[in-house]
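Shown next: entry-v9.cif, given as mmCIF, C-alpha atoms.
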```cif
data_work
#
loop_
_atom_site.group_PDB
_atom_site.id
_atom_site.type_symbol
_atom_site.label_atom_id
_atom_site.label_comp_id
_atom_site.auth_asym_id
_atom_site.auth_seq_id
_atom_site.Cartn_x
_atom_site.Cartn_y
_atom_site.Cartn_z
ATOM 1 C CA MET A 1190 115.086 125.932 65.039
ATOM 2 C CA ILE A 1191 112.392 124.641 62.650
ATOM 3 C CA ARG A 1192 109.857 126.702 60.736
ATOM 4 C CA VAL A 1193 107.215 125.292 58.394
ATOM 5 C CA GLU A 1194 105.249 127.804 56.338
ATOM 6 C CA GLY A 1195 102.157 126.915 54.310
ATOM 7 C CA VAL A 1196 103.507 123.528 53.247
ATOM 8 C CA VAL A 1197 101.532 121.462 50.774
ATOM 9 C CA LYS A 1198 102.710 118.094 49.462
ATOM 10 C CA ARG A 1199 100.845 115.947 46.956
ATOM 11 C CA TYR A 1200 101.445 112.483 45.561
ATOM 12 C CA GLY A 1201 99.447 112.473 42.378
ATOM 13 C CA THR A 1202 95.895 113.362 43.338
ATOM 14 C CA GLN A 1203 96.470 112.520 47.014
ATOM 15 C CA VAL A 1204 97.172 115.459 49.331
ATOM 16 C CA ALA A 1205 99.649 114.312 51.998
ATOM 17 C CA LEU A 1206 100.083 117.730 53.646
ATOM 18 C CA ASP A 1207 97.556 120.503 53.235
ATOM 19 C CA GLY A 1208 98.878 123.912 54.270
ATOM 20 C CA ILE A 1209 100.934 123.108 57.378
ATOM 21 C CA ASP A 1210 102.264 125.991 59.518
ATOM 22 C CA LEU A 1211 104.501 125.107 62.449
ATOM 23 C CA THR A 1212 107.445 126.350 64.513
ATOM 24 C CA ILE A 1213 109.658 124.254 66.808
ATOM 25 C CA ALA A 1214 112.072 125.913 69.226
ATOM 26 C CA ALA A 1215 115.721 124.992 69.696
ATOM 27 C CA GLY A 1216 116.061 122.267 72.314
ATOM 28 C CA GLU A 1217 112.367 121.377 72.178
ATOM 29 C CA ALA A 1218 111.098 117.803 71.986
ATOM 30 C CA PHE A 1219 108.160 117.918 69.592
ATOM 31 C CA GLY A 1220 105.820 115.035 68.794
ATOM 32 C CA LEU A 1221 103.769 114.492 65.658
ATOM 33 C CA LEU A 1222 100.785 112.305 66.506
ATOM 34 C CA GLY A 1223 98.361 110.718 64.135
ATOM 35 C CA PRO A 1224 97.289 107.491 62.422
ATOM 36 C CA ASN A 1225 99.062 105.936 59.469
ATOM 37 C CA GLY A 1226 98.548 108.107 56.408
ATOM 38 C CA ALA A 1227 98.130 111.326 58.394
ATOM 39 C CA GLY A 1228 101.223 112.935 56.845
ATOM 40 C CA LYS A 1229 103.778 112.430 59.629
ATOM 41 C CA THR A 1230 106.441 110.657 57.573
ATOM 42 C CA THR A 1231 105.937 113.056 54.677
ATOM 43 C CA LEU A 1232 106.727 116.014 56.927
ATOM 44 C CA VAL A 1233 109.862 114.286 58.228
ATOM 45 C CA ARG A 1234 111.009 113.549 54.671
ATOM 46 C CA LEU A 1235 110.559 117.207 53.744
ATOM 47 C CA LEU A 1236 112.566 118.345 56.788
ATOM 48 C CA ALA A 1237 115.262 115.799 55.928
ATOM 49 C CA THR A 1238 115.539 117.278 52.376
ATOM 50 C CA LEU A 1239 114.480 113.940 50.857
ATOM 51 C CA ALA A 1240 111.436 115.505 49.195
ATOM 52 C CA ARG A 1241 110.352 118.972 48.083
ATOM 53 C CA PRO A 1242 107.117 120.707 49.006
ATOM 54 C CA ASP A 1243 104.699 121.526 46.207
ATOM 55 C CA GLN A 1244 103.911 124.787 47.994
ATOM 56 C CA GLY A 1245 105.390 126.595 50.960
ATOM 57 C CA HIS A 1246 108.801 126.470 52.632
ATOM 58 C CA LEU A 1247 110.573 124.653 55.449
ATOM 59 C CA PHE A 1248 113.556 126.050 57.345
ATOM 60 C CA VAL A 1249 116.046 124.429 59.736
ATOM 61 C CA ASN A 1250 118.026 126.991 61.730
ATOM 62 C CA GLY A 1251 117.145 129.549 59.059
ATOM 63 C CA HIS A 1252 118.212 127.382 56.104
ATOM 64 C CA ASP A 1253 115.647 126.564 53.428
ATOM 65 C CA THR A 1254 115.400 122.795 52.967
ATOM 66 C CA VAL A 1255 115.332 123.189 49.177
ATOM 67 C CA GLU A 1256 117.612 126.154 48.496
ATOM 68 C CA ALA A 1257 120.169 125.241 51.201
ATOM 69 C CA ALA A 1258 119.776 121.457 51.439
ATOM 70 C CA ALA A 1259 123.493 120.849 52.065
ATOM 71 C CA GLU A 1260 123.493 123.175 55.081
ATOM 72 C CA VAL A 1261 120.359 121.490 56.442
ATOM 73 C CA LYS A 1262 121.886 118.024 56.081
ATOM 74 C CA ARG A 1263 124.847 119.109 58.207
ATOM 75 C CA LEU A 1264 122.460 120.068 61.024
ATOM 76 C CA ILE A 1265 120.251 116.990 61.186
ATOM 77 C CA GLY A 1266 120.295 113.324 62.068
ATOM 78 C CA VAL A 1267 117.494 111.103 60.773
ATOM 79 C CA VAL A 1268 116.092 107.785 61.952
ATOM 80 C CA PHE A 1269 113.416 106.282 59.713
ATOM 81 C CA GLN A 1270 111.215 103.282 60.436
ATOM 82 C CA GLU A 1271 113.224 101.031 58.127
ATOM 83 C CA ASN A 1272 116.212 99.276 59.673
ATOM 84 C CA ASN A 1273 118.940 99.707 57.041
ATOM 85 C CA LEU A 1274 121.891 98.484 59.085
ATOM 86 C CA ASP A 1275 124.352 96.107 57.445
ATOM 87 C CA ARG A 1276 123.470 93.000 59.420
ATOM 88 C CA ASP A 1277 126.626 91.129 58.394
ATOM 89 C CA LEU A 1278 128.761 93.776 60.094
ATOM 90 C CA THR A 1279 129.157 94.467 63.799
ATOM 91 C CA PRO A 1280 127.848 97.584 65.554
ATOM 92 C CA ARG A 1281 131.380 98.966 65.629
ATOM 93 C CA GLN A 1282 131.836 98.377 61.899
ATOM 94 C CA ASN A 1283 128.465 99.948 61.068
ATOM 95 C CA LEU A 1284 129.364 103.077 63.047
ATOM 96 C CA LEU A 1285 132.909 103.241 61.676
ATOM 97 C CA PHE A 1286 131.566 103.128 58.133
ATOM 98 C CA GLN A 1287 129.252 106.066 58.908
ATOM 99 C CA ALA A 1288 132.007 108.014 60.676
ATOM 100 C CA ARG A 1289 134.379 107.632 57.747
ATOM 101 C CA LEU A 1290 131.614 108.493 55.284
ATOM 102 C CA HIS A 1291 131.310 111.834 57.098
ATOM 103 C CA ARG A 1292 135.091 112.146 57.404
ATOM 104 C CA LEU A 1293 134.981 112.467 61.172
ATOM 105 C CA SER A 1294 138.348 112.911 62.818
ATOM 106 C CA ALA A 1295 139.416 110.320 65.414
ATOM 107 C CA ALA A 1296 136.685 108.016 64.068
ATOM 108 C CA GLU A 1297 137.609 105.066 66.300
ATOM 109 C CA ALA A 1298 137.381 107.173 69.463
ATOM 110 C CA VAL A 1299 134.102 108.777 68.354
ATOM 111 C CA VAL A 1300 132.612 105.352 67.653
ATOM 112 C CA ALA A 1301 133.786 103.927 70.980
ATOM 113 C CA ALA A 1302 132.186 106.849 72.819
ATOM 114 C CA MET A 1303 128.907 106.377 70.917
ATOM 115 C CA LEU A 1304 128.813 102.649 71.666
ATOM 116 C CA GLU A 1305 129.144 103.515 75.344
ATOM 117 C CA ARG A 1306 126.471 106.206 75.072
ATOM 118 C CA ILE A 1307 123.904 103.843 73.558
ATOM 119 C CA GLY A 1308 124.800 100.947 75.850
ATOM 120 C CA LEU A 1309 126.276 98.614 73.242
ATOM 121 C CA SER A 1310 129.957 98.523 74.232
ATOM 122 C CA ASP A 1311 129.688 94.918 75.392
ATOM 123 C CA ARG A 1312 128.163 93.886 72.055
ATOM 124 C CA ALA A 1313 130.239 96.104 69.804
ATOM 125 C CA ASP A 1314 131.945 93.261 67.972
ATOM 126 C CA ARG A 1315 129.076 90.827 67.548
ATOM 127 C CA PRO A 1316 127.191 90.679 64.230
ATOM 128 C CA VAL A 1317 124.143 92.925 64.076
ATOM 129 C CA ASN A 1318 122.126 89.798 63.321
ATOM 130 C CA ALA A 1319 122.821 88.665 66.892
ATOM 131 C CA LEU A 1320 121.288 91.801 68.443
ATOM 132 C CA SER A 1321 117.727 92.158 69.694
ATOM 133 C CA GLY A 1322 115.300 94.503 67.958
ATOM 134 C CA GLY A 1323 115.721 97.123 70.669
ATOM 135 C CA MET A 1324 119.509 97.010 70.406
ATOM 136 C CA ARG A 1325 119.305 97.480 66.647
ATOM 137 C CA ARG A 1326 117.117 100.540 67.125
ATOM 138 C CA ARG A 1327 119.616 101.950 69.598
ATOM 139 C CA LEU A 1328 122.354 101.380 67.043
ATOM 140 C CA VAL A 1329 120.370 103.170 64.328
ATOM 141 C CA ILE A 1330 119.848 106.141 66.675
ATOM 142 C CA GLY A 1331 123.531 106.128 67.610
ATOM 143 C CA ARG A 1332 124.489 106.206 63.957
ATOM 144 C CA ALA A 1333 122.285 109.281 63.429
ATOM 145 C CA LEU A 1334 123.968 110.994 66.397
ATOM 146 C CA LEU A 1335 127.559 110.435 65.236
ATOM 147 C CA THR A 1336 127.767 113.840 63.554
ATOM 148 C CA ASP A 1337 126.465 115.601 66.696
ATOM 149 C CA PRO A 1338 123.339 116.970 64.958
ATOM 150 C CA ARG A 1339 121.434 119.942 66.311
ATOM 151 C CA VAL A 1340 118.150 118.349 65.194
ATOM 152 C CA LEU A 1341 117.229 114.671 65.438
ATOM 153 C CA LEU A 1342 114.287 113.454 63.348
ATOM 154 C CA LEU A 1343 112.778 110.184 64.605
ATOM 155 C CA ASP A 1344 110.084 108.577 62.470
ATOM 156 C CA GLU A 1345 108.166 106.113 64.664
ATOM 157 C CA PRO A 1346 111.384 104.818 66.260
ATOM 158 C CA THR A 1347 109.693 102.231 68.511
ATOM 159 C CA THR A 1348 107.116 100.763 66.128
ATOM 160 C CA GLY A 1349 107.039 96.982 66.273
ATOM 161 C CA LEU A 1350 108.913 96.730 69.578
ATOM 162 C CA ASP A 1351 107.422 95.264 72.726
ATOM 163 C CA PRO A 1352 106.488 97.686 75.559
ATOM 164 C CA ALA A 1353 109.550 96.953 77.718
ATOM 165 C CA ILE A 1354 111.975 97.617 74.859
ATOM 166 C CA ARG A 1355 110.032 100.733 73.863
ATOM 167 C CA ARG A 1356 110.441 102.169 77.361
ATOM 168 C CA ASP A 1357 114.153 101.356 77.269
ATOM 169 C CA LEU A 1358 114.455 103.409 74.080
ATOM 170 C CA TRP A 1359 112.515 106.237 75.695
ATOM 171 C CA GLY A 1360 115.413 106.586 78.128
ATOM 172 C CA VAL A 1361 117.848 106.948 75.223
ATOM 173 C CA ILE A 1362 115.651 109.602 73.584
ATOM 174 C CA ARG A 1363 115.180 111.498 76.860
ATOM 175 C CA ALA A 1364 118.955 111.665 77.309
ATOM 176 C CA ILE A 1365 119.325 113.103 73.797
ATOM 177 C CA ARG A 1366 116.617 115.687 74.528
ATOM 178 C CA ASP A 1367 118.160 116.599 77.879
ATOM 179 C CA GLN A 1368 121.510 117.294 76.196
ATOM 180 C CA GLY A 1369 119.897 120.115 74.205
ATOM 181 C CA CYS A 1370 119.253 118.461 70.855
ATOM 182 C CA THR A 1371 115.998 119.465 69.163
ATOM 183 C CA VAL A 1372 113.973 116.264 68.746
ATOM 184 C CA VAL A 1373 111.093 115.758 66.319
ATOM 185 C CA LEU A 1374 109.353 112.459 66.967
ATOM 186 C CA THR A 1375 106.535 110.932 64.943
ATOM 187 C CA THR A 1376 104.433 108.291 66.649
ATOM 188 C CA HIS A 1377 100.970 106.801 66.890
ATOM 189 C CA TYR A 1378 101.589 105.839 70.519
ATOM 190 C CA VAL A 1379 99.937 108.554 72.610
ATOM 191 C CA GLU A 1380 101.775 107.530 75.788
ATOM 192 C CA GLU A 1381 105.081 107.882 73.939
ATOM 193 C CA ALA A 1382 104.340 111.480 73.012
ATOM 194 C CA GLU A 1383 103.226 112.251 76.565
ATOM 195 C CA ALA A 1384 106.393 110.720 78.021
ATOM 196 C CA LEU A 1385 108.895 112.378 75.692
ATOM 197 C CA CYS A 1386 107.514 115.567 74.175
ATOM 198 C CA ASP A 1387 107.161 119.160 75.381
ATOM 199 C CA ARG A 1388 104.507 119.794 72.737
ATOM 200 C CA VAL A 1389 102.593 117.696 70.240
ATOM 201 C CA GLY A 1390 100.948 118.382 66.926
ATOM 202 C CA ILE A 1391 98.023 116.171 65.944
ATOM 203 C CA LEU A 1392 97.912 115.442 62.224
ATOM 204 C CA SER A 1393 94.822 114.151 60.460
ATOM 205 C CA ARG A 1394 94.529 113.804 56.692
ATOM 206 C CA GLY A 1395 97.413 116.177 56.106
ATOM 207 C CA CYS A 1396 96.062 118.928 58.352
ATOM 208 C CA LEU A 1397 97.347 120.107 61.723
ATOM 209 C CA ALA A 1398 94.215 119.480 63.791
ATOM 210 C CA GLY A 1399 95.653 120.374 67.201
ATOM 211 C CA LEU A 1400 98.833 121.818 68.715
ATOM 212 C CA GLY A 1401 100.073 122.312 72.270
ATOM 213 C CA ALA A 1402 101.475 120.698 75.393
ATOM 214 C CA PRO A 1403 99.748 117.375 76.094
ATOM 215 C CA SER A 1404 98.238 118.673 79.344
ATOM 216 C CA ASP A 1405 97.063 121.887 77.654
ATOM 217 C CA LEU A 1406 95.294 119.961 74.898
ATOM 218 C CA VAL A 1407 93.535 117.766 77.448
ATOM 219 C CA ALA A 1408 92.385 120.836 79.402
ATOM 220 C CA ARG A 1409 91.352 122.749 76.273
ATOM 221 C CA PHE A 1410 89.168 119.966 74.906
ATOM 222 C CA GLY A 1411 87.820 118.815 78.254
ATOM 223 C CA ALA A 1412 89.123 115.308 77.739
ATOM 224 C CA ALA A 1413 90.187 112.763 80.325
ATOM 225 C CA ARG A 1414 93.376 111.935 78.452
ATOM 226 C CA LEU A 1415 95.352 112.926 75.365
ATOM 227 C CA GLU A 1416 94.192 109.825 73.510
ATOM 228 C CA ASP A 1417 90.624 111.146 73.666
ATOM 229 C CA VAL A 1418 91.787 114.463 72.177
ATOM 230 C CA VAL A 1419 93.552 112.650 69.307
ATOM 231 C CA VAL A 1420 90.435 110.619 68.528
ATOM 232 C CA THR A 1421 88.185 113.703 68.682
ATOM 233 C CA LEU A 1422 90.390 115.883 66.496
ATOM 234 C CA GLY A 1423 91.020 113.092 64.027
ATOM 235 C CA ALA A 1424 87.308 112.506 63.618
ATOM 236 C CA GLY A 1425 86.684 116.220 63.230
ATOM 237 C CA ALA A 1426 89.324 116.652 60.554
ATOM 238 C CA ALA A 1427 88.023 113.651 58.687
ATOM 239 C CA ALA A 1428 84.427 114.867 58.692
#
```

Go ahead and express the file in the form of structure tokens.
Amino acid sequence: MIRVEGVVKRYGTQVALDGIDLTIAAGEAFGLLGPNGAGKTTLVRLLATLARPDQGHLFVNGHDTVEAAAEVKRLIGVVFQENNLDRDLTPRQNLLFQARLHRLSAAEAVVAAMLERIGLSDRADRPVNALSGGMRRRLVIGRALLTDPRVLLLDEPTTGLDPAIRRDLWGVIRAIRDQGCTVVLTTHYVEEAEALCDRVGILSRGCLAGLGAPSDLVARFGAARLEDVVVTLGAGAAA
């Protein structure tokens, strides 16, 4: 579903991604692990067609993210760290605006079904300002799912939330994964990647330092836990 070939991205003299090669299968839940500044968000922005690589190519279902950006946009849903909901509107109004923007047929019915799916039917007509942080994140994810994307890109979706709310959101993401959507999740929470992802890639200073199933990486590097692998590989890439 996703193919990344020799991707390099620079911001001035800073190298954000340094020759990344990666494939992600259809229906796979894939985690990108690494500290802030490792290149995780940059890779998501490239996949979302919001930036262009300086070298290399990225493909979503065979479509080049630069040459066929419109086709890629029709296949993906994106959730970034920033909460850009209209807080003066209700959840229903936020979703209706998105549905009409994409010219979805039967928009009211689609929105009602999504509110039920993300567990916000009973708060559908309250202002977003009255929702908890976890509910707002659910609403942002629901908005990204309105177009029934084949790929969902989640950039640190639980950052800043307390552990109980984070685990509640994990259930939402698991349900999306289990319905066959390809999920790409960036996080610096190791336990989040272990709980949600079939495979993880460990990024450090723009390089892919490790790749595999969490249990395979632990076995390969003789570590007690995935967190130890992340620390080891990050230190190695930085050396």

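Here CA of Arg1315 (chain A) and CA of Asp1275 (chain A) stand 12.3 Å from one another.
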
*Can you list, as a PyMOL selection string, every protein, DNA or RNA residue that comes within 8 Å of Thr1336 (chain A) when you count only C-alpha atoms, leaving out same-chain residues fewer than 3 positions away?*
chain A and resi 1266+1288+1291+1293+1333

Go ahead and save the residues from that selection, with C-alpha atoms, as a PDB file, keeping the file's coordinate frame.
```
ATOM      1  CA  GLY A1266     120.295 113.324  62.068  1.00  0.00           C
ATOM      2  CA  ALA A1288     132.007 108.014  60.676  1.00  0.00           C
ATOM      3  CA  HIS A1291     131.310 111.834  57.098  1.00  0.00           C
ATOM      4  CA  LEU A1293     134.981 112.467  61.172  1.00  0.00           C
ATOM      5  CA  ALA A1333     122.285 109.281  63.429  1.00  0.00           C
TER       6      ALA A1333
END
```

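Once Met1303 (chain A) and its same-chain neighbours fewer than 4 positions away are set aside, A:Leu1284, A:Ala1298, A:Val1299, A:Ile1307, A:Gly1308, A:Leu1309, A:Ser1310, A:Gly1331, A:Arg1332, A:Leu1334, A:Leu1335 remain within 9 Å of it when counting only C-alpha atoms.
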
*Identify which of the residues A:Pro1338, A:Gly1322, A:Pro1242, A:Gly1216 lies closest to Leu1358 (chain A), counting all atoms listed in the file when measuring atom-to-atom distances.*
A:Gly1322

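If you measure from each of A:Leu1406, A:Leu1206, A:Ala1296, A:Ala1218 to Thr1371 (chain A) using all atoms listed in the file, the closest one turns out to be A:Ala1218.
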
Would you kindly translate the PyMOL selection byres ((chain A and resi 1362) around 12) into the concrete residues it picks from this file, as a compact mmCIF listing (two decimals) with C-alpha atoms, in the coordinates of the input?
```
# COMPACT_ATOMS: atom_id res chain seq x y z
CA ALA A 1218 111.10 117.80 71.99
CA PHE A 1219 108.16 117.92 69.59
CA VAL A 1268 116.09 107.78 61.95
CA ARG A 1306 126.47 106.21 75.07
CA ILE A 1307 123.90 103.84 73.56
CA ARG A 1326 117.12 100.54 67.12
CA ARG A 1327 119.62 101.95 69.60
CA ILE A 1330 119.85 106.14 66.68
CA GLY A 1331 123.53 106.13 67.61
CA LEU A 1334 123.97 110.99 66.40
CA LEU A 1341 117.23 114.67 65.44
CA LEU A 1342 114.29 113.45 63.35
CA LEU A 1343 112.78 110.18 64.60
CA PRO A 1346 111.38 104.82 66.26
CA THR A 1347 109.69 102.23 68.51
CA ARG A 1355 110.03 100.73 73.86
CA ARG A 1356 110.44 102.17 77.36
CA ASP A 1357 114.15 101.36 77.27
CA LEU A 1358 114.46 103.41 74.08
CA TRP A 1359 112.52 106.24 75.69
CA GLY A 1360 115.41 106.59 78.13
CA VAL A 1361 117.85 106.95 75.22
CA ARG A 1363 115.18 111.50 76.86
CA ALA A 1364 118.96 111.66 77.31
CA ILE A 1365 119.32 113.10 73.80
CA ARG A 1366 116.62 115.69 74.53
CA ASP A 1367 118.16 116.60 77.88
CA GLN A 1368 121.51 117.29 76.20
CA GLY A 1369 119.90 120.12 74.20
CA CYS A 1370 119.25 118.46 70.86
CA THR A 1371 116.00 119.46 69.16
CA VAL A 1372 113.97 116.26 68.75
CA VAL A 1373 111.09 115.76 66.32
CA LEU A 1374 109.35 112.46 66.97
CA GLU A 1381 105.08 107.88 73.94
CA ALA A 1382 104.34 111.48 73.01
CA ALA A 1384 106.39 110.72 78.02
CA LEU A 1385 108.90 112.38 75.69
CA CYS A 1386 107.51 115.57 74.18
```

*Fewer than 5 positions away in the same chain doesn't count, so skip those; otherwise give me all residues within 7 Å of Ile1209 (chain A), counting all atoms listed in the file, as a count of residues only.*
7

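Contact shell of region 1391-1393 of chain A at 7 Å (only C-alpha atoms; same-chain neighbours under 3 positions omitted): Leu1221, Leu1222, Gly1223, Ala1227, Gly1228, Cys1396, Leu1397, Ala1398, Gly1399, Leu1400, Val1419, Gly1423 and Ala1426 of chain A.
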
Run the PyMOL selection byres ((chain A and resi 1236) around 8) mentally over the shown coordinates, then write out the matched residues as a tab-separated table (two decimals) with C-alpha atoms, in the coordinates of the input, using the chain letters and numbers from the document.
```
chain	number	residue	atom	x	y	z
A	1232	LEU	CA	106.73	116.01	56.93
A	1233	VAL	CA	109.86	114.29	58.23
A	1234	ARG	CA	111.01	113.55	54.67
A	1235	LEU	CA	110.56	117.21	53.74
A	1237	ALA	CA	115.26	115.80	55.93
A	1238	THR	CA	115.54	117.28	52.38
A	1239	LEU	CA	114.48	113.94	50.86
A	1247	LEU	CA	110.57	124.65	55.45
A	1248	PHE	CA	113.56	126.05	57.34
A	1249	VAL	CA	116.05	124.43	59.74
A	1254	THR	CA	115.40	122.80	52.97
```

*Which neighbours of region 1409-1415 of chain A fall inside 9 Å, counting all atoms listed in the file, when residues of the same chain fewer than 4 positions from it are skipped, and could you give them as a ChimeraX atom specification?*
/A:1379-1380,1383,1403-1405,1419-1421

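Closest approach to Arg1192 (chain A) among A:Asn1283, A:Asn1225, A:Thr1212, A:Thr1230: A:Thr1212, based on all atoms listed in the file.
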
*Gap from CA of Val1204 (chain A) to CA of Gly1395 (chain A) - Å, one decimal*: 6.8 Å

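Nearest to Met1324 (chain A) of all the residues A:Val1261, A:Asp1337, A:Thr1279, A:Ser1294 is A:Thr1279, counting only C-alpha atoms.
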
_A:Ala1295, A:Ile1191, A:Ala1257, A:Ala1353 ranked by distance to Leu1211 (chain A), top pick (using all atoms listed in the file)_ = A:Ile1191

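From CA of Val1407 (chain A) back to CA of Gly1220 (chain A), the distance works out to 15.3 Å.
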
*Check the smallest atom-to-atom distance from each of A:Ala1259, A:Ala1205, A:Val1317, A:Met1190 to Arg1394 (chain A) using only C-alpha atoms, then report the winner.*
A:Ala1205
